[in-house]
Every structure is written in structure tokens, then in C-alpha cells.
$ cat structure_9.txt   # compact mmCIF, C-alpha atoms
# COMPACT_ATOMS: atom_id res chain seq x y z
CA PHE A 1 43.37 9.85 15.29
CA GLU A 2 43.25 8.70 18.91
CA LEU A 3 44.64 5.45 20.23
CA GLY A 4 45.35 4.41 23.81
CA GLY A 5 44.20 7.79 25.10
CA ARG A 6 46.68 9.70 22.92
CA ARG A 7 46.21 11.90 19.89
CA MET A 8 48.45 10.77 17.02
CA ILE A 9 49.46 11.88 13.56
CA ALA A 10 50.58 9.37 10.92
CA SER A 11 52.47 10.28 7.77
CA CYS A 12 55.40 9.27 5.56
CA SER A 13 58.98 10.38 5.08
CA SER A 14 61.09 9.49 2.07
CA ALA A 15 61.85 6.05 3.54
CA HIS A 16 59.39 5.32 6.36
CA GLY A 17 55.80 5.33 7.45
CA PHE A 18 55.66 6.80 10.94
CA GLY A 19 53.48 8.06 13.76
CA VAL A 20 54.04 10.88 16.23
CA ASP A 21 52.32 12.11 19.37
CA ALA A 22 50.15 15.03 18.22
CA ASP A 23 50.70 16.96 21.44
CA ASP A 24 54.48 16.79 21.89
CA GLY A 25 55.88 15.49 18.59
CA THR A 26 57.43 12.33 20.09
CA LEU A 27 58.16 9.69 17.45
CA LEU A 28 56.02 6.66 18.33
CA TRP A 29 56.77 4.15 15.53
CA THR A 30 58.32 3.68 12.10
CA VAL A 31 57.91 1.05 9.41
CA PRO A 32 59.93 0.64 6.18
CA LEU A 33 58.43 2.48 3.21
CA LYS A 34 61.10 3.11 0.60
CA ASN A 35 61.18 3.23 -3.18
CA GLN A 36 63.96 4.18 -5.57
CA PHE A 37 62.64 7.73 -6.02
CA GLY A 38 62.73 8.64 -2.33
CA VAL A 39 59.18 10.00 -2.46
CA ASN A 40 56.06 8.72 -0.68
CA THR A 41 52.85 10.51 -1.58
CA ALA A 42 50.11 8.15 -0.43
CA THR A 43 48.53 9.21 2.85
CA PRO A 44 48.30 6.44 5.46
CA VAL A 45 44.80 5.10 6.13
CA TYR A 46 43.80 4.45 9.77
CA GLY A 47 40.90 2.41 11.14
CA SER A 48 40.08 0.08 14.04
CA GLY A 49 43.52 0.29 15.66
CA ALA A 50 45.39 -0.48 12.42
CA ILE A 51 47.15 1.60 9.78
CA PHE A 52 47.73 0.98 6.07
CA TYR A 53 50.91 2.21 4.36
CA VAL A 54 51.77 1.84 0.68
CA THR A 55 54.30 3.02 -1.87
CA PRO A 56 54.74 1.82 -5.45
CA TYR A 57 57.81 0.16 -6.95
CA ALA A 58 59.09 -1.51 -3.78
CA GLU A 59 56.85 -1.76 -0.70
CA GLU A 60 53.44 -3.19 -1.44
CA GLY A 61 50.45 -2.24 0.67
CA ARG A 62 50.77 -3.36 4.28
CA LEU A 63 48.39 -3.19 7.20
CA TYR A 64 49.89 -2.87 10.68
CA ARG A 65 48.06 -3.34 13.96
CA LEU A 66 49.19 -0.59 16.35
CA ARG A 67 49.65 -2.29 19.72
CA VAL A 68 49.78 -0.01 22.75
CA ALA A 69 52.48 -1.13 25.22
CA GLY A 70 52.67 1.48 27.96
CA GLN A 71 54.04 4.64 26.34
CA LYS A 72 55.19 2.72 23.26
CA ILE A 73 53.26 1.94 20.10
CA ILE A 74 54.37 -1.27 18.39
CA PRO A 75 53.38 -1.78 14.73
CA GLU A 76 52.71 -5.45 13.96
CA GLN A 77 52.21 -6.38 10.31
CA ILE A 78 48.88 -8.11 9.76
CA TRP A 79 48.85 -8.53 5.99
CA GLN A 80 50.51 -7.50 2.75
CA SER A 81 48.76 -6.91 -0.56
CA SER A 82 49.80 -6.45 -4.17
CA LEU A 83 47.99 -3.10 -4.01
CA ASP A 84 50.64 -0.49 -4.88
CA THR A 85 48.77 2.81 -4.79
CA VAL A 86 50.85 5.85 -5.71
CA THR A 87 48.89 9.02 -4.86
CA GLY A 88 45.30 7.98 -4.30
CA SER A 89 45.93 6.41 -0.89
CA GLY A 90 42.61 4.74 -0.21
CA VAL A 91 39.25 5.15 1.42
CA LEU A 92 38.15 2.95 4.33
CA VAL A 93 34.40 2.37 4.60
CA ASP A 94 32.72 -0.21 6.83
CA GLY A 95 35.66 -2.61 6.92
CA THR A 96 36.54 -2.30 3.24
CA LEU A 97 39.54 -0.43 1.83
CA PHE A 98 38.87 1.05 -1.62
CA ALA A 99 41.96 1.99 -3.63
CA ALA A 100 43.52 1.69 -7.06
CA GLY A 101 46.79 0.01 -7.93
CA TYR A 102 49.52 1.73 -9.88
CA ARG A 103 51.96 -0.63 -11.62
CA LYS A 104 50.82 -4.18 -10.89
CA ASN A 105 47.04 -3.82 -10.92
CA LYS A 106 46.17 -0.46 -12.46
CA TRP A 107 42.51 -0.60 -11.54
CA TRP A 108 40.23 -0.18 -8.51
CA MET A 109 39.95 -2.78 -5.78
CA ALA A 110 37.95 -3.39 -2.64
CA LEU A 111 40.05 -5.13 0.04
CA ASP A 112 38.87 -6.66 3.29
CA TRP A 113 40.43 -4.49 6.02
CA ARG A 114 40.95 -7.47 8.36
CA THR A 115 42.56 -9.88 5.89
CA GLY A 116 43.74 -7.92 2.84
CA ASP A 117 41.77 -10.26 0.59
CA VAL A 118 40.47 -8.70 -2.62
CA LYS A 119 36.68 -8.62 -2.39
CA SER A 120 36.09 -7.11 -5.82
CA GLN A 121 37.74 -5.20 -8.67
CA LEU A 122 36.71 -2.58 -11.21
CA GLU A 123 38.83 -2.27 -14.35
CA GLU A 124 36.87 0.49 -16.15
CA LEU A 125 38.86 3.20 -14.34
CA THR A 126 42.63 3.35 -13.97
CA THR A 127 44.68 4.41 -10.95
CA GLY A 128 43.66 7.59 -9.18
CA ALA A 129 42.09 9.13 -6.10
CA ALA A 130 38.61 8.92 -4.60
CA ILE A 131 36.41 10.28 -1.89
CA TYR A 132 33.35 8.64 -0.38
CA ALA A 133 29.94 10.19 0.28
CA ASP A 134 26.33 9.07 0.23
CA GLY A 135 27.25 5.42 -0.38
CA ARG A 136 29.35 6.17 -3.46
CA LEU A 137 32.98 6.66 -4.45
CA TYR A 138 33.74 9.75 -6.53
CA CYS A 139 36.90 8.80 -8.46
CA LEU A 140 39.28 10.79 -10.64
CA ASP A 141 41.68 8.53 -12.51
CA GLU A 142 45.08 9.51 -13.90
CA LYS A 143 43.70 9.80 -17.43
CA GLY A 144 41.22 12.47 -16.33
CA MET A 145 38.23 10.12 -16.31
CA VAL A 146 35.74 10.83 -13.51
CA GLY A 147 33.72 7.88 -12.28
CA LEU A 148 30.87 7.38 -9.86
CA VAL A 149 31.39 3.94 -8.29
CA VAL A 150 28.82 2.19 -6.13
CA PRO A 151 30.05 -0.52 -3.76
CA GLU A 152 27.57 -3.42 -3.82
CA ALA A 153 27.45 -6.84 -2.19
CA ASN A 154 28.63 -8.54 -5.39
CA GLY A 155 31.28 -5.98 -6.38
CA LEU A 156 31.96 -2.46 -7.52
CA ARG A 157 29.51 -1.00 -10.05
CA LEU A 158 30.40 1.92 -12.30
CA ALA A 159 27.23 4.05 -12.20
CA GLY A 160 28.53 6.72 -14.57
CA LYS A 161 31.63 8.39 -15.95
CA PHE A 162 32.81 11.37 -17.99
CA GLN A 163 36.10 12.72 -19.31
CA LEU A 164 37.16 15.81 -17.33
CA VAL A 165 39.20 17.39 -20.14
CA PRO A 166 38.97 16.59 -23.86
CA ASP A 167 42.72 16.61 -24.51
CA ARG A 168 44.91 14.93 -21.91
CA VAL A 169 48.24 16.70 -21.49
CA SER A 170 49.60 14.81 -18.48
CA ASP A 171 48.41 12.59 -15.62
CA ALA A 172 45.63 13.82 -13.34
CA TRP A 173 46.81 13.36 -9.74
CA ALA A 174 44.57 15.79 -7.83
CA HIS A 175 42.06 14.40 -5.35
CA PRO A 176 38.37 15.13 -5.88
CA VAL A 177 36.69 17.32 -3.25
CA LEU A 178 33.06 17.44 -2.18
CA LEU A 179 31.83 20.58 -0.42
CA ALA A 180 28.28 21.79 0.16
CA GLY A 181 26.84 19.42 -2.42
CA ARG A 182 29.36 20.31 -5.14
CA LEU A 183 32.07 18.14 -6.63
CA TYR A 184 35.33 19.97 -7.29
CA LEU A 185 37.78 18.47 -9.78
CA ARG A 186 41.18 19.84 -10.75
CA TYR A 187 43.38 18.96 -13.70
$ encode --input "structure_9.txt" --output "C-alpha cells"
Amino acid sequence: FELGGRRMIASCSSAHGFGVDADDGTLLWTVPLKNQFGVNTATPVYGSGAIFYVTPYAEEGRLYRLRVAGQKIIPEQIWQSSLDTVTGSGVLVDGTLFAAGYRKNKWWMALDWRTGDVKSQLEELTTGAAIYADGRLYCLDEKGMVGLVVPEANGLRLAGKFQLVPDRVSDAWAHPVLLAGRLYLRY
């Protein structure tokens, strides 16, 4: 993404969320992001000059405003949420962050990007990953259930679902992919 006239890349290490200059690799900021397993798999979500980091077990979801101060980028925490996504990260659409919790709230939530307030919840699908297209979320939950979720003014509506595989062997952690009008699912 671009901020303050610079191209940046945000990611996670085993103990931090961080950002680097995309052109020269200079470390621009770090924030704590540590759990007892030393693994962070959720991709940061960026929007409107702020970035969301999350890891389960220890650091709940946090939104940081990225303040440009000359050549420095200063992350300032705006809010913290009980959202503890593990691999699904989240999808930001029109000021709403859609993501699923992992240990505390193992269902889908819509959070206000500015405040972190939960706008709505959907408990028919468990934790997982989603993509957004054509006004809908295409979700694959850890149990292999695929759901089509429609964000509406009064909440999240499950428009349809199906089980990807008949016999679940282990958790489904792959992210769904849409390409040329086709939905690709891997388990």
C-alpha cells in the first residue's frame, strides 16, 4: 500500500507486526504480536491510513493508525477487539472489517473499522477465511463448510452453504479464490 508518498509492505514475524519500505527494505514500524507458538499466520489488513494485526492466544485484534512523521511511521493503537482470528485475517469493505474469531468467538463478525465495535455476528459458520466479490463474502470455515454470506444493513445473512468434503479429516485452512467467475476451494 502507499502512505505518505511511500510504498510499504506490512507483514508479521514470529513476535511482531511490522512495516517496511517497499523500495529499500527499511524497517518503518513494529508492534507486539506474540503468542506461545511463535507463529503468526494472519495477514495484516490495511485501510484508510490504519492497519489491523491479530494473533490468537495472546494478542487480540488491534487497529493502529499509521502516523507519518517525516521519514518515520508511528503506529498509534486506536482500538482493541476480542476478535482473535488465526488464519483467515479479515476482509475490509466500505468501513467494515469482516473476520471470524478462533478461540473466544468462533464465528463471523462485522466490526466497525473506526471503532472496533461489533456491528453484527453470524454463528452458522465457524472460523475460517473469506474473500469478497459482488457484494458477498465467500467463506470456507475450518470444518470444510462453504458459505455465501451477504452483508446487510441489519446484519450478516447466510444465503447458502454446502459441505466441501463429506468426511472431514482435519481443519480446512486454505483461503477461497475467485478467478474468471470460478470459485476455487482447496481442502
$ residues_around --input "structure_9.txt" --residues "A:Leu122" --least-positions-apart "4" --cutoff "9 Å" --atoms "all atoms listed in the file" --output "number ranges by chain"
A: 107-110, 126, 149, 155-158
$ residues_around --input "structure_9.txt" --residues "A:Tyr184" --least-positions-apart "3" --cutoff "12 Å" --atoms "all atoms listed in the file" --output "list in words"
Ala130, Ile131, Tyr138, Cys139, Leu140, Val146, Leu164, Ala174, His175, Pro176, Val177, Leu178, Leu179, Ala180, Gly181 and Tyr187 of chain A
$ atom_distance --input "structure_9.txt" --atom1 "atom CA of A:Ser48" --atom2 "atom CA of A:Asn154"
24.1 Å
$ atom_distance --input "structure_9.txt" --atom1 "atom CA of A:Val45" --atom2 "atom CA of A:Val93"
10.9 Å
$ atom_distance --input "structure_9.txt" --atom1 "atom CA of A:Asp24" --atom2 "atom CA of A:Thr87"
28.4 Å
$ residues_around --input "structure_9.txt" --residues "A:Thr26" --least-positions-apart "6" --cutoff "12 Å" --atoms "only C-alpha atoms" --output "ChimeraX atom specification"
/A:6-10,18-20,71-73
$ residues_around --input "structure_9.txt" --residues "A:Ile78" --least-positions-apart "2" --cutoff "8 Å" --atoms "only C-alpha atoms" --output "number ranges by chain"
A: 62-65, 76, 80, 115
$ residues_near_point --input "structure_9.txt" --point "(24.1, 5.3, 2.6)" --cutoff "12 Å" --atoms "all atoms listed in the file" --output "PyMOL selection string"
chain A and resi 93-94+132-137+150-152
$ residues_near_point --input "structure_9.txt" --point "(35.0, 12.6, -19.7)" --cutoff "8 Å" --atoms "all atoms listed in the file" --output "VMD selection string"
chain A and resid 144 to 146 161 to 166
$ residues_around --input "structure_9.txt" --residues "A:Thr85" --least-positions-apart "2" --cutoff "8 Å" --atoms "only C-alpha atoms" --output "short mmCIF file (atom, residue, chain, number, x, y, z; two decimals) with C-alpha atoms, keeping the file's coordinate frame"
data_model
loop_
_atom_site.label_atom_id
_atom_site.label_comp_id
_atom_site.auth_asym_id
_atom_site.auth_seq_id
_atom_site.Cartn_x
_atom_site.Cartn_y
_atom_site.Cartn_z
CA ALA A 42 50.11 8.15 -0.43
CA VAL A 54 51.77 1.84 0.68
CA THR A 55 54.30 3.02 -1.87
CA PRO A 56 54.74 1.82 -5.45
CA GLY A 61 50.45 -2.24 0.67
CA LEU A 83 47.99 -3.10 -4.01
CA THR A 87 48.89 9.02 -4.86
CA GLY A 88 45.30 7.98 -4.30
CA SER A 89 45.93 6.41 -0.89
CA GLY A 90 42.61 4.74 -0.21
CA ALA A 99 41.96 1.99 -3.63
CA ALA A 100 43.52 1.69 -7.06
CA GLY A 101 46.79 0.01 -7.93
CA TYR A 102 49.52 1.73 -9.88
CA THR A 127 44.68 4.41 -10.95
#
$ closest_residue --input "structure_9.txt" --among "A:Val169, A:Leu66, A:Cys12, A:Leu148" --to "A:Tyr46" --atoms "only C-alpha atoms"
A:Leu66
$ closest_residue --input "structure_9.txt" --among "A:Ala15, A:Ile74, A:Ala129, A:Ala69" --to "A:Ile51" --atoms "all atoms listed in the file"
A:Ile74
$ axis_aligned_box --input "structure_9.txt" --around "stretch 35-46 of chain A" --padding-each-side "6 Å" --output "lines of an AutoDock Vina configuration file"
center_x = 53.9
center_y = 6.9
center_z = 1.9
size_x = 32.2
size_y = 19.3
size_z = 27.8
$ closest_residue --input "structure_9.txt" --among "A:Ser14, A:Phe98, A:Gly38, A:Leu27" --to "A:Phe52" --atoms "all atoms listed in the file"
A:Phe98
